[in-house]
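Participant: Structure below; questions to follow.
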Amino acid sequence: MATKTKDRAETSAAPAKAVNGTAPLPEAKLKQIYSTMLKCRTMEEKIRILFKQGRFSGNYYAAVGQEATEVGCAIDLRPSDTIAPSHRDFIANLIKGTPLNLMISQIYARKTSPDQGRSSPAHCGYAPLNIITPASTIAAQLNIGTGVALAYKMQKKDDIVMAFSGEGSTSLGFWHEAVNFAGVHNLPIVYVIQNNLWAESVSVKLQTKVEDLSIKAQGYGIPGITVDGNDAVAVYRVASEAIHRARTGGGPTLIECKTYRWYGHSEIDPAKYRDPAEVEYWKSKDPIPFMENYLAKYKLWSDDFKAQILESFQKELDAAIEFAEKAPYAEPEEALDHVYSFSIRDRELNRKTWTPTVLQK
Amino acid sequence: MPLITYIDAINTALNEEMKRDEKVFIIGEDVGVMGGAFKATKGLIEEFGPDRVIDSPLAEGVIVSSSIGAAMAGMRPVPEIQFVDFVTPAMDAITQQAAKLRYRSAGTQTCPITLRICYGGGVAGGLYHSQTNTTWFAHEPGLRVIAPSTPYDAKGMLKAAIRDDNPVIYFEHKKLYRSIKEEVPSEDYTVSLDKAVVRREGSDMTAVSYGYTMQLMLQAADKMKSEHGINVECIDLRTLNPIDHDTILNSVAKTNRVVLVQEDHRTLGISSEISAVIAEQAFECLDAPILRVTAPDIPAIPFAPTLEKFYMPTVEKIQAAMERCAQY
Ligand SMILES: Cc1ncc(C[n+]2csc(CCOP(=O)(O)OP(=O)(O)O)c2C)c(N)n1
Ligand SMILES: [Mg+2]
């Protein structure tokens, strides 16, 4: 199947009118996309400050700069749909609706976090909304997500899976095992590659010889498309089509979103390996002001509108931070829980000593 | 009760579980049309169709990872690895995902898969069709690892594994497939996944093994009785993780002597762990050093008959260790 490249010019030149026969997006949806991006940005910038202030330890992998990709792709998912996130997709929780108190508890590794303080700060899952708790192994969630999609197909559900991965992950063998398998079984899954040009310090040029990663879809007989990942409306359109295809039995799609992470790989990476001009160029393509201009053109945006969103979200966020900071850590021995469906506490904590049976008599 | 082979027991268990629960499905290389490399899944695709008996692509990673995801979403997958020698592409899925999903989600996300793995030597399979490698998985908390040694257990433990809420690695020894028969009930039954079992009672010495070498150990114990009048208590470990310590320690408290037998190579094998547990928790009970009968520490089991024989534990090697233990 064909791999197409949609760029900003094609998808957003006259977005309120029909594009290629596509209906323009409802105003409420456009506003929802914008406000969600704004919240994601606000939350992650705050988390970065909290880290610098030493208020939580560990690390964090900010997706600042990539919000259009994540929000555009995931905003319309149903609670029963599954997200398979990577380390950089903490904000997927915000988009899907994980309670903020629990998310920030995850940052603080408190007992109140969905994993009760087991994993690391950015690796947040949430079972009630079908967000797979991520491992750090790159591409692992994408593989598990593929299995969830297999179950959805077997169960004849119309739920779908959205699996996120970075461009670096596409070099791993089992990334390909999963996408190939989804193609063979026509699974209801959307693979989203967030191509932010870097995998830690390694340029995409050292990951692959291809220009557009979506071309890899051809090897698996599924549709692939590359989209400007900083244009939320373009991403939304492309994702909607892919989600619809997955839901209606049309099988998987591979979407490449070209985007950029503003900061280092993590909070302890100064990202000296990047040309500052490159960073500046991408900051000038900030998806949030881009969306503001877009909305303003249709009289859907004002300073006031933005201030309102920020004001109420700041309150929510501050309350969540307070909640998390006051929440307890798990008790030390809780480290022994949730290994199996049964408890191992007795086994680990009470080791008995045996004496010879003859002496016992 | 019908007299059936070990592989019939597996096939019957799969069939019955698929009938009992439509969430159960099979996935693996050649499991469908061909009915499995050893015919463990024979006839299942005819009965249950290709949607429930999936001939997977040649990709162990996704055989296991897709099963993990499907289990998370409510299914009861029974993936198969054709030879344990080829399980390595699936190691991330098994050790980093299946073993840790429940833990990392604080019990909110789980993956009850039953991964059947064919393993073991003594069949002239050569370096890459004879490996044991059970230890790799026994080292992973979060996985149940089981290795039945009889047709009765093969059936009852497979059924229990499929119904269990934990990821289970089910090791089936290819040498056992057709070499032993046992009367096995045609009614539904399960066998505990937590307990070792005393296969032969004795008061002079405890011997512990699992899988194929458990059968060899029983033969050696019979010879100890007939040739020396020594009564060896034989324990079939059955579960390699978490190990049932109590059954072993109770026996050691009674016999005061221990021989441990494993087909896996020596260093850090199951027997090493059992030795440590006995030394820590039953030191006072020992009248003799713990002896181990294992394969040597070489990379894999070599092909030529002389080499393979040197590698494998045999009845003679086990009996020699038992004699040494008794003489101490
Ligand atoms: C299998 C594996 N190898 C290496 C790592 C260490 N690591 C963590 S993130 C990362 C780079 C990931 O790059 P990419 O897939 O592009 O995602 P991004 O961080 O850019 O979002 C590496 C090498 C890992 N977590 N897992
Ligand atoms: Mg990247």
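How things are named: the first chain in the structure tokens is A, the next is B, and so on; residues count from 1 in each chain; ligands count from 1 in the order shown.
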Mind running chain A against ligand 2 at 12 Å and telling me each contacting residue's nearest atom pair with the distance in Å (one decimal), counting only C-alpha atoms and all ligand atoms, chain and number ascending, as a Markdown table?
Facilitator:
```
| residue | atom | partner | partner_atom_place_in_ligand_line | distance |
| --- | --- | --- | --- | --- |
| A:Tyr61 | CA | ligand 2 | 1 (Mg) | 11.1 |
| A:Ala62 | CA | ligand 2 | 1 (Mg) | 11.7 |
| A:Ala63 | CA | ligand 2 | 1 (Mg) | 10.2 |
| A:Gln66 | CA | ligand 2 | 1 (Mg) | 10.7 |
| A:Ser86 | CA | ligand 2 | 1 (Mg) | 10.8 |
| A:His87 | CA | ligand 2 | 1 (Mg) | 10.7 |
| A:Arg88 | CA | ligand 2 | 1 (Mg) | 9.2 |
| A:Asp89 | CA | ligand 2 | 1 (Mg) | 11.9 |
| A:Ile138 | CA | ligand 2 | 1 (Mg) | 10.9 |
| A:Phe164 | CA | ligand 2 | 1 (Mg) | 11.2 |
| A:Ser165 | CA | ligand 2 | 1 (Mg) | 8.2 |
| A:Gly166 | CA | ligand 2 | 1 (Mg) | 4.5 |
| A:Glu167 | CA | ligand 2 | 1 (Mg) | 4.9 |
| A:Gly168 | CA | ligand 2 | 1 (Mg) | 5.3 |
| A:Ser169 | CA | ligand 2 | 1 (Mg) | 7.8 |
| A:Thr170 | CA | ligand 2 | 1 (Mg) | 9.7 |
| A:Ser171 | CA | ligand 2 | 1 (Mg) | 11.2 |
| A:Ile193 | CA | ligand 2 | 1 (Mg) | 8.7 |
| A:Gln194 | CA | ligand 2 | 1 (Mg) | 6.7 |
| A:Asn195 | CA | ligand 2 | 1 (Mg) | 5.4 |
| A:Asn196 | CA | ligand 2 | 1 (Mg) | 4.6 |
| A:Leu197 | CA | ligand 2 | 1 (Mg) | 5.5 |
| A:Trp198 | CA | ligand 2 | 1 (Mg) | 4.3 |
| A:Ala199 | CA | ligand 2 | 1 (Mg) | 4.1 |
| A:Glu200 | CA | ligand 2 | 1 (Mg) | 7.1 |
| A:Ser201 | CA | ligand 2 | 1 (Mg) | 9.3 |
| A:Val202 | CA | ligand 2 | 1 (Mg) | 8.5 |
| A:Ser203 | CA | ligand 2 | 1 (Mg) | 8.3 |
| A:Val204 | CA | ligand 2 | 1 (Mg) | 7.6 |
| A:Lys205 | CA | ligand 2 | 1 (Mg) | 11.4 |
| A:Leu206 | CA | ligand 2 | 1 (Mg) | 11.7 |
| A:Gln207 | CA | ligand 2 | 1 (Mg) | 9.9 |
| A:Leu213 | CA | ligand 2 | 1 (Mg) | 12.0 |
| A:Glu256 | CA | ligand 2 | 1 (Mg) | 11.5 |
| A:Cys257 | CA | ligand 2 | 1 (Mg) | 10.9 |
| A:Lys258 | CA | ligand 2 | 1 (Mg) | 10.0 |
| A:Thr259 | CA | ligand 2 | 1 (Mg) | 9.1 |
| A:Tyr260 | CA | ligand 2 | 1 (Mg) | 8.1 |
| A:Arg261 | CA | ligand 2 | 1 (Mg) | 8.0 |
| A:Trp262 | CA | ligand 2 | 1 (Mg) | 11.4 |
| A:Tyr263 | CA | ligand 2 | 1 (Mg) | 11.7 |
| A:Gly264 | CA | ligand 2 | 1 (Mg) | 10.7 |
| A:His265 | CA | ligand 2 | 1 (Mg) | 8.4 |
| A:Ser266 | CA | ligand 2 | 1 (Mg) | 11.6 |
```
Participant: When the cut-off is 7 Å and we count only C-alpha atoms, which residues of chain A are near chain B, given as a list in words?
Facilitator: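 Output check: Pro114, Asp115, Gln116, Arg118, Ser119, Ala127, Thr133, Asn143, Ile144, Gly145, Thr146, Gly147, Val148, Leu150, Ala151, Phe174, Glu177, Ala178, His338, Val339, Tyr340, Ser341, Lys352, Thr353, Trp354, Thr355, Pro356 and Thr357 of chain A.
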Participant: Residues as selected, N, CA, C and O atoms, written as an mmCIF file, in the first residue's frame, can you do that?
Facilitator:
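Writing the result to out_21.cif gives the following:
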```cif
data_model
loop_
_atom_site.group_PDB
_atom_site.id
_atom_site.type_symbol
_atom_site.label_atom_id
_atom_site.label_comp_id
_atom_site.auth_asym_id
_atom_site.auth_seq_id
_atom_site.Cartn_x
_atom_site.Cartn_y
_atom_site.Cartn_z
ATOM 1 N N PRO A 114 -0.342 4.654 40.696
ATOM 2 C CA PRO A 114 -0.894 3.405 40.168
ATOM 3 C C PRO A 114 0.013 2.198 40.408
ATOM 4 O O PRO A 114 -0.469 1.081 40.539
ATOM 5 N N ASP A 115 1.313 2.403 40.457
ATOM 6 C CA ASP A 115 2.223 1.272 40.685
ATOM 7 C C ASP A 115 2.733 1.224 42.124
ATOM 8 O O ASP A 115 3.658 0.475 42.437
ATOM 9 N N GLN A 116 2.154 2.063 42.964
ATOM 10 C CA GLN A 116 2.510 2.099 44.392
ATOM 11 C C GLN A 116 4.014 2.277 44.610
ATOM 12 O O GLN A 116 4.598 1.717 45.540
ATOM 13 N N ARG A 118 6.617 1.540 42.534
ATOM 14 C CA ARG A 118 7.553 0.491 42.109
ATOM 15 C C ARG A 118 8.455 0.892 40.949
ATOM 16 O O ARG A 118 9.641 0.604 40.947
ATOM 17 N N SER A 119 7.868 1.510 39.944
ATOM 18 C CA SER A 119 8.656 1.778 38.746
ATOM 19 C C SER A 119 9.334 3.136 38.893
ATOM 20 O O SER A 119 9.561 3.588 39.998
ATOM 21 N N ALA A 127 -4.570 1.012 34.835
ATOM 22 C CA ALA A 127 -5.397 -0.107 34.383
ATOM 23 C C ALA A 127 -6.852 0.283 34.085
ATOM 24 O O ALA A 127 -7.400 -0.161 33.074
ATOM 25 N N THR A 133 1.107 -0.302 31.810
ATOM 26 C CA THR A 133 2.194 0.184 32.649
ATOM 27 C C THR A 133 3.507 -0.094 31.926
ATOM 28 O O THR A 133 3.846 -1.250 31.687
ATOM 29 N N ASN A 143 4.927 -4.209 21.673
ATOM 30 C CA ASN A 143 4.729 -5.647 21.509
ATOM 31 C C ASN A 143 3.539 -6.139 22.312
ATOM 32 O O ASN A 143 2.712 -6.905 21.814
ATOM 33 N N ILE A 144 3.456 -5.703 23.556
ATOM 34 C CA ILE A 144 2.330 -6.126 24.387
ATOM 35 C C ILE A 144 1.032 -5.560 23.808
ATOM 36 O O ILE A 144 0.011 -6.255 23.738
ATOM 37 N N GLY A 145 1.104 -4.308 23.370
ATOM 38 C CA GLY A 145 -0.078 -3.688 22.764
ATOM 39 C C GLY A 145 -0.573 -4.491 21.569
ATOM 40 O O GLY A 145 -1.778 -4.622 21.335
ATOM 41 N N THR A 146 0.346 -5.048 20.828
ATOM 42 C CA THR A 146 -0.018 -5.871 19.676
ATOM 43 C C THR A 146 -0.829 -7.088 20.134
ATOM 44 O O THR A 146 -1.792 -7.496 19.481
ATOM 45 N N GLY A 147 -0.452 -7.636 21.278
ATOM 46 C CA GLY A 147 -1.203 -8.759 21.846
ATOM 47 C C GLY A 147 -2.581 -8.347 22.322
ATOM 48 O O GLY A 147 -3.556 -9.106 22.167
ATOM 49 N N VAL A 148 -2.673 -7.151 22.887
ATOM 50 C CA VAL A 148 -3.992 -6.648 23.294
ATOM 51 C C VAL A 148 -4.881 -6.538 22.050
ATOM 52 O O VAL A 148 -6.052 -6.936 22.065
ATOM 53 N N LEU A 150 -4.669 -8.279 19.388
ATOM 54 C CA LEU A 150 -5.050 -9.644 19.005
ATOM 55 C C LEU A 150 -6.271 -10.091 19.817
ATOM 56 O O LEU A 150 -7.225 -10.667 19.279
ATOM 57 N N ALA A 151 -6.240 -9.804 21.120
ATOM 58 C CA ALA A 151 -7.380 -10.180 21.968
ATOM 59 C C ALA A 151 -8.640 -9.435 21.531
ATOM 60 O O ALA A 151 -9.713 -10.032 21.422
ATOM 61 N N PHE A 174 12.485 -6.587 17.752
ATOM 62 C CA PHE A 174 11.104 -6.950 18.087
ATOM 63 C C PHE A 174 10.085 -5.868 17.788
ATOM 64 O O PHE A 174 8.899 -6.117 17.800
ATOM 65 N N GLU A 177 8.990 -7.462 14.644
ATOM 66 C CA GLU A 177 8.180 -8.670 14.880
ATOM 67 C C GLU A 177 6.725 -8.282 15.133
ATOM 68 O O GLU A 177 5.795 -8.920 14.651
ATOM 69 N N ALA A 178 6.562 -7.213 15.910
ATOM 70 C CA ALA A 178 5.204 -6.815 16.297
ATOM 71 C C ALA A 178 4.435 -6.267 15.102
ATOM 72 O O ALA A 178 3.291 -6.667 14.839
ATOM 73 N N HIS A 338 2.659 -8.397 45.195
ATOM 74 C CA HIS A 338 2.373 -8.371 43.754
ATOM 75 C C HIS A 338 3.471 -9.006 42.910
ATOM 76 O O HIS A 338 3.738 -8.576 41.799
ATOM 77 N N VAL A 339 4.106 -10.008 43.471
ATOM 78 C CA VAL A 339 5.045 -10.799 42.672
ATOM 79 C C VAL A 339 4.244 -11.891 41.948
ATOM 80 O O VAL A 339 4.420 -12.123 40.751
ATOM 81 N N TYR A 340 3.375 -12.530 42.729
ATOM 82 C CA TYR A 340 2.457 -13.545 42.184
ATOM 83 C C TYR A 340 1.038 -13.201 42.624
ATOM 84 O O TYR A 340 0.816 -12.240 43.374
ATOM 85 N N SER A 341 0.103 -14.017 42.223
ATOM 86 C CA SER A 341 -1.280 -13.840 42.677
ATOM 87 C C SER A 341 -1.404 -14.208 44.158
ATOM 88 O O SER A 341 -2.384 -13.880 44.802
ATOM 89 N N LYS A 352 12.272 -20.939 58.478
ATOM 90 C CA LYS A 352 12.381 -21.815 59.653
ATOM 91 C C LYS A 352 13.689 -22.599 59.614
ATOM 92 O O LYS A 352 14.336 -22.702 58.582
ATOM 93 N N THR A 353 14.040 -23.165 60.771
ATOM 94 C CA THR A 353 15.207 -24.045 60.836
ATOM 95 C C THR A 353 14.720 -25.458 61.134
ATOM 96 O O THR A 353 13.839 -25.649 61.971
ATOM 97 N N TRP A 354 15.293 -26.413 60.428
ATOM 98 C CA TRP A 354 14.928 -27.819 60.633
ATOM 99 C C TRP A 354 15.978 -28.504 61.528
ATOM 100 O O TRP A 354 17.174 -28.216 61.397
ATOM 101 N N THR A 355 15.515 -29.380 62.385
ATOM 102 C CA THR A 355 16.457 -30.206 63.157
ATOM 103 C C THR A 355 16.172 -31.661 62.810
ATOM 104 O O THR A 355 15.064 -31.989 62.364
ATOM 105 N N PRO A 356 17.164 -32.539 63.019
ATOM 106 C CA PRO A 356 16.940 -33.943 62.640
ATOM 107 C C PRO A 356 15.725 -34.521 63.350
ATOM 108 O O PRO A 356 15.512 -34.263 64.536
ATOM 109 N N THR A 357 14.971 -35.320 62.628
ATOM 110 C CA THR A 357 13.733 -35.875 63.163
ATOM 111 C C THR A 357 13.984 -36.718 64.412
ATOM 112 O O THR A 357 13.222 -36.668 65.362
#
```
Participant: Taking the DSSP secondary structure from the backbone, can you list the residues of range 59-293 of chain A that are strand (DSSP E), as an MDAnalysis selection string?
Facilitator: chainID A and resid 82:84 161:166 189:195 198:199 202:203 224:228 253:258
Participant: For Asp81 in chain A, please output as a ChimeraX atom specification all residues within 6 Å (counting only C-alpha atoms; exclusion window: fewer than 6 positions along the same chain).
Facilitator: /A:159-161
Participant: Tell me, as a ChimeraX atom specification, which residues lie within 9 Å of Ala295 in chain B, counting only C-alpha atoms; anything in the same chain fewer than 6 positions away does not count.
Facilitator: /B:262-266,301,310-313
Participant: Print the selection's residues with C-alpha atoms to a file, as a PDB file, in the first residue's frame.
Facilitator:
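part-v4.pdb, written as the output of this step:
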```
ATOM      1  CA  GLN B 262      19.706 -32.133  37.418  1.00  0.00           C
ATOM      2  CA  GLU B 263      20.170 -32.314  33.667  1.00  0.00           C
ATOM      3  CA  ASP B 264      21.063 -28.623  33.459  1.00  0.00           C
ATOM      4  CA  HIS B 265      24.761 -27.839  33.792  1.00  0.00           C
ATOM      5  CA  ARG B 266      26.275 -27.385  37.185  1.00  0.00           C
ATOM      6  CA  ILE B 301      25.006 -30.679  24.918  1.00  0.00           C
ATOM      7  CA  PHE B 310      29.375 -37.978  28.917  1.00  0.00           C
ATOM      8  CA  TYR B 311      27.139 -34.930  29.292  1.00  0.00           C
ATOM      9  CA  MET B 312      23.898 -36.507  30.455  1.00  0.00           C
ATOM     10  CA  PRO B 313      23.222 -37.698  33.977  1.00  0.00           C
TER      11      PRO B 313
END
```
Participant: Would you mind telling me which residue in B:Thr132, B:Leu193, B:Lys317, B:Met91 lies nearest to ligand 1 when using only C-alpha atoms and all ligand atoms?
Facilitator: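 That would be B:Met91, the residue with the smallest distance to ligand 1.
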Participant: Would you please work out which residue, of A:Leu317, A:Leu172, A:Met37, A:Met154, is nearest to ligand 1 when using only C-alpha atoms and all ligand atoms?
Facilitator: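 Checking each candidate against ligand 1, we get A:Leu172 as the closest.
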Participant: Give the helix (DSSP H, G or I) residues of range 183-286 of chain B, as DSSP finds them on the backbone, and put them as an NGL selection string.
Facilitator: :B and (212-228 or 245-255 or 270-281 or 283-285)
Participant: Please produce a file of the residues just selected, as a compact mmCIF listing (two decimals), in the first residue's frame, where the atoms kept are N, CA and C atoms.
Facilitator:
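That gives us result-v4.txt:
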```
# COMPACT_ATOMS: atom_id res chain seq x y z
N TYR B 212 13.07 -35.44 33.15
CA TYR B 212 13.54 -36.75 32.70
C TYR B 212 14.44 -37.42 33.74
N THR B 213 15.36 -36.63 34.34
CA THR B 213 16.29 -37.24 35.28
C THR B 213 15.58 -37.71 36.56
N MET B 214 14.37 -37.24 36.79
CA MET B 214 13.60 -37.78 37.92
C MET B 214 13.34 -39.27 37.69
N GLN B 215 13.04 -39.61 36.45
CA GLN B 215 12.80 -41.02 36.13
C GLN B 215 14.09 -41.85 36.32
N LEU B 216 15.22 -41.27 35.91
CA LEU B 216 16.49 -41.98 36.08
C LEU B 216 16.81 -42.15 37.57
N MET B 217 16.50 -41.10 38.34
CA MET B 217 16.76 -41.14 39.78
C MET B 217 15.96 -42.27 40.45
N LEU B 218 14.72 -42.47 40.00
CA LEU B 218 13.91 -43.56 40.56
C LEU B 218 14.55 -44.92 40.27
N GLN B 219 15.07 -45.07 39.06
CA GLN B 219 15.72 -46.34 38.71
C GLN B 219 16.97 -46.56 39.57
N ALA B 220 17.72 -45.50 39.78
CA ALA B 220 18.92 -45.62 40.61
C ALA B 220 18.54 -45.98 42.05
N ALA B 221 17.45 -45.42 42.53
CA ALA B 221 17.00 -45.70 43.90
C ALA B 221 16.61 -47.18 44.03
N ASP B 222 15.95 -47.72 43.00
CA ASP B 222 15.60 -49.14 43.02
C ASP B 222 16.85 -50.01 43.13
N LYS B 223 17.89 -49.62 42.39
CA LYS B 223 19.13 -50.39 42.44
C LYS B 223 19.80 -50.28 43.80
N MET B 224 19.73 -49.11 44.40
CA MET B 224 20.30 -48.94 45.75
C MET B 224 19.63 -49.89 46.73
N LYS B 225 18.33 -50.07 46.54
CA LYS B 225 17.58 -50.97 47.41
C LYS B 225 18.00 -52.42 47.14
N SER B 226 17.96 -52.81 45.86
CA SER B 226 18.21 -54.22 45.55
C SER B 226 19.67 -54.62 45.76
N GLU B 227 20.57 -53.68 45.48
CA GLU B 227 22.00 -54.04 45.58
C GLU B 227 22.59 -53.79 46.96
N HIS B 228 22.07 -52.77 47.67
CA HIS B 228 22.69 -52.41 48.94
C HIS B 228 21.71 -52.38 50.12
N HIS B 245 10.25 -25.70 49.39
CA HIS B 245 11.36 -26.04 50.30
C HIS B 245 10.94 -27.07 51.34
N ASP B 246 9.72 -26.93 51.84
CA ASP B 246 9.33 -27.73 53.01
C ASP B 246 9.40 -29.23 52.74
N THR B 247 8.92 -29.65 51.58
CA THR B 247 8.94 -31.08 51.27
C THR B 247 10.37 -31.62 51.30
N ILE B 248 11.29 -30.82 50.77
CA ILE B 248 12.70 -31.25 50.75
C ILE B 248 13.26 -31.25 52.18
N LEU B 249 13.03 -30.20 52.91
CA LEU B 249 13.63 -30.07 54.24
C LEU B 249 13.06 -31.12 55.21
N ASN B 250 11.77 -31.39 55.09
CA ASN B 250 11.18 -32.44 55.92
C ASN B 250 11.86 -33.78 55.67
N SER B 251 12.13 -34.04 54.41
CA SER B 251 12.77 -35.30 54.06
C SER B 251 14.21 -35.35 54.57
N VAL B 252 14.93 -34.25 54.40
CA VAL B 252 16.33 -34.20 54.85
C VAL B 252 16.40 -34.37 56.37
N ALA B 253 15.44 -33.81 57.07
CA ALA B 253 15.41 -33.96 58.53
C ALA B 253 15.29 -35.43 58.92
N LYS B 254 14.65 -36.20 58.04
CA LYS B 254 14.43 -37.61 58.31
C LYS B 254 15.64 -38.46 57.89
N THR B 255 16.22 -38.15 56.72
CA THR B 255 17.24 -39.04 56.15
C THR B 255 18.67 -38.59 56.42
N ILE B 270 19.50 -25.45 39.66
CA ILE B 270 18.47 -25.63 40.68
C ILE B 270 19.08 -26.31 41.91
N SER B 271 19.99 -27.25 41.65
CA SER B 271 20.60 -27.98 42.76
C SER B 271 21.46 -27.07 43.64
N SER B 272 22.07 -26.07 43.03
CA SER B 272 22.85 -25.12 43.83
C SER B 272 21.94 -24.42 44.84
N GLU B 273 20.79 -24.02 44.37
CA GLU B 273 19.85 -23.31 45.23
C GLU B 273 19.34 -24.23 46.35
N ILE B 274 19.01 -25.46 45.97
CA ILE B 274 18.51 -26.39 46.98
C ILE B 274 19.61 -26.68 48.01
N SER B 275 20.85 -26.80 47.55
CA SER B 275 21.96 -27.01 48.48
C SER B 275 22.04 -25.87 49.49
N ALA B 276 21.92 -24.66 48.99
CA ALA B 276 22.03 -23.50 49.87
C ALA B 276 20.89 -23.48 50.89
N VAL B 277 19.70 -23.80 50.42
CA VAL B 277 18.54 -23.80 51.33
C VAL B 277 18.75 -24.85 52.44
N ILE B 278 19.24 -26.03 52.05
CA ILE B 278 19.47 -27.08 53.05
C ILE B 278 20.57 -26.63 54.03
N ALA B 279 21.63 -26.06 53.47
CA ALA B 279 22.73 -25.63 54.35
C ALA B 279 22.28 -24.55 55.33
N GLU B 280 21.42 -23.66 54.84
CA GLU B 280 20.96 -22.57 55.72
C GLU B 280 19.94 -23.02 56.75
N GLN B 281 19.02 -23.86 56.30
CA GLN B 281 17.86 -24.13 57.14
C GLN B 281 17.87 -25.52 57.78
N PHE B 283 21.10 -27.32 58.48
CA PHE B 283 22.51 -27.67 58.65
C PHE B 283 22.70 -28.80 59.66
N GLU B 284 21.96 -28.73 60.75
CA GLU B 284 22.07 -29.72 61.82
C GLU B 284 21.64 -31.12 61.36
N CYS B 285 20.88 -31.15 60.27
CA CYS B 285 20.32 -32.43 59.83
C CYS B 285 21.31 -33.25 59.01
```
Participant: Quick one: residues within 6 Å of range 320-330 of chain A, only C-alpha atoms, excluding same-chain residues fewer than 2 positions away - as a list in words?
Facilitator: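 My reading of the contact set: Asn101, Ser105, Arg110, Lys111, Leu317 and Asp318 of chain A.
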Participant: How would the residues just picked look written out with N, CA, C and O atoms as a short mmCIF file (atom, residue, chain, number, x, y, z; two decimals), in the first residue's frame?
Facilitator:
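Output contents, as saved in part-v2.cif:
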```
data_model
loop_
_atom_site.label_atom_id
_atom_site.label_comp_id
_atom_site.auth_asym_id
_atom_site.auth_seq_id
_atom_site.Cartn_x
_atom_site.Cartn_y
_atom_site.Cartn_z
N ASN A 101 -3.99 13.40 40.55
CA ASN A 101 -3.39 13.03 41.84
C ASN A 101 -2.54 11.76 41.73
O ASN A 101 -1.49 11.65 42.33
N SER A 105 1.46 11.45 41.97
CA SER A 105 1.96 10.47 42.94
C SER A 105 3.01 9.56 42.30
O SER A 105 3.96 9.14 42.95
N ARG A 110 4.92 7.61 45.30
CA ARG A 110 4.17 7.39 46.53
C ARG A 110 3.29 6.15 46.42
O ARG A 110 2.99 5.67 45.34
N LYS A 111 2.83 5.73 47.58
CA LYS A 111 1.92 4.57 47.67
C LYS A 111 0.64 4.80 46.86
O LYS A 111 0.01 3.87 46.38
N LEU A 317 -3.28 21.26 39.32
CA LEU A 317 -1.93 20.72 39.37
C LEU A 317 -1.31 20.96 40.75
O LEU A 317 -0.70 20.06 41.35
N ASP A 318 -1.47 22.17 41.26
CA ASP A 318 -0.93 22.48 42.59
C ASP A 318 -1.55 21.56 43.64
O ASP A 318 -0.85 21.07 44.54
#
```
Participant: What is the distance between CA of Gly122 in chain B and CA of Ala321 in chain B, in Å to one decimal?
Facilitator: 20.0 Å
Participant: Do a neighbour search on Lys299 in chain A at 12 Å with only C-alpha atoms, toss out local chain neighbours closer than 3 positions, and write the hits as a list in words.
Facilitator: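 Near neighbours after the sequence-gap exclusion: Ala16, Glu27, Leu30, Lys31, Glu292, Asn293, Tyr294, Leu295, Ala296, Ser302, Asp303 and Phe305 of chain A.
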Participant: Please write the residues from the selection above to a file, keeping C-alpha atoms, as a short mmCIF file (atom, residue, chain, number, x, y, z; two decimals), in the first residue's frame.
Facilitator:
```
data_model
loop_
_atom_site.label_atom_id
_atom_site.label_comp_id
_atom_site.auth_asym_id
_atom_site.auth_seq_id
_atom_site.Cartn_x
_atom_site.Cartn_y
_atom_site.Cartn_z
CA ALA A 16 -11.62 25.06 8.35
CA GLU A 27 -14.94 23.93 17.11
CA LEU A 30 -10.24 22.12 18.11
CA LYS A 31 -10.48 23.80 21.48
CA GLU A 292 -3.24 29.42 18.81
CA ASN A 293 -2.81 31.14 15.46
CA TYR A 294 -4.92 28.51 13.84
CA LEU A 295 -7.71 28.97 16.34
CA ALA A 296 -7.40 32.76 16.24
CA SER A 302 -8.15 34.81 22.91
CA ASP A 303 -5.69 35.61 25.68
CA PHE A 305 -9.43 31.77 26.84
#
```
Participant: By how many Å are CA of Thr69 in chain A and CA of Ala149 in chain A apart?
Facilitator: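 One can read the CA of Thr69 in chain A to CA of Ala149 in chain A distance as 21.5 Å.
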Participant: What separation in Å, quoted to one decimal, exists between CA of Ala300 in chain B and CA of Asp236 in chain B?
Facilitator: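 Straight-line distance from CA of Ala300 in chain B to CA of Asp236 in chain B works out to 24.3 Å.
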Participant: For range 155-161 of chain B, list every protein, DNA or RNA residue within 6 Å, evaluated using only C-alpha atoms, and leave out those in the same chain fewer than 6 positions away; present the list as a PyMOL selection string.
Facilitator: chain B and resi 9-10+13+189-191
Participant: Here is a test: counting only C-alpha atoms, which residue of A:Ala74, A:Pro99, A:Ala28, A:Gly117 is nearest to Ala335 in chain A?
Facilitator: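 For Ala335 in chain A, the nearest of the given residues is A:Gly117.
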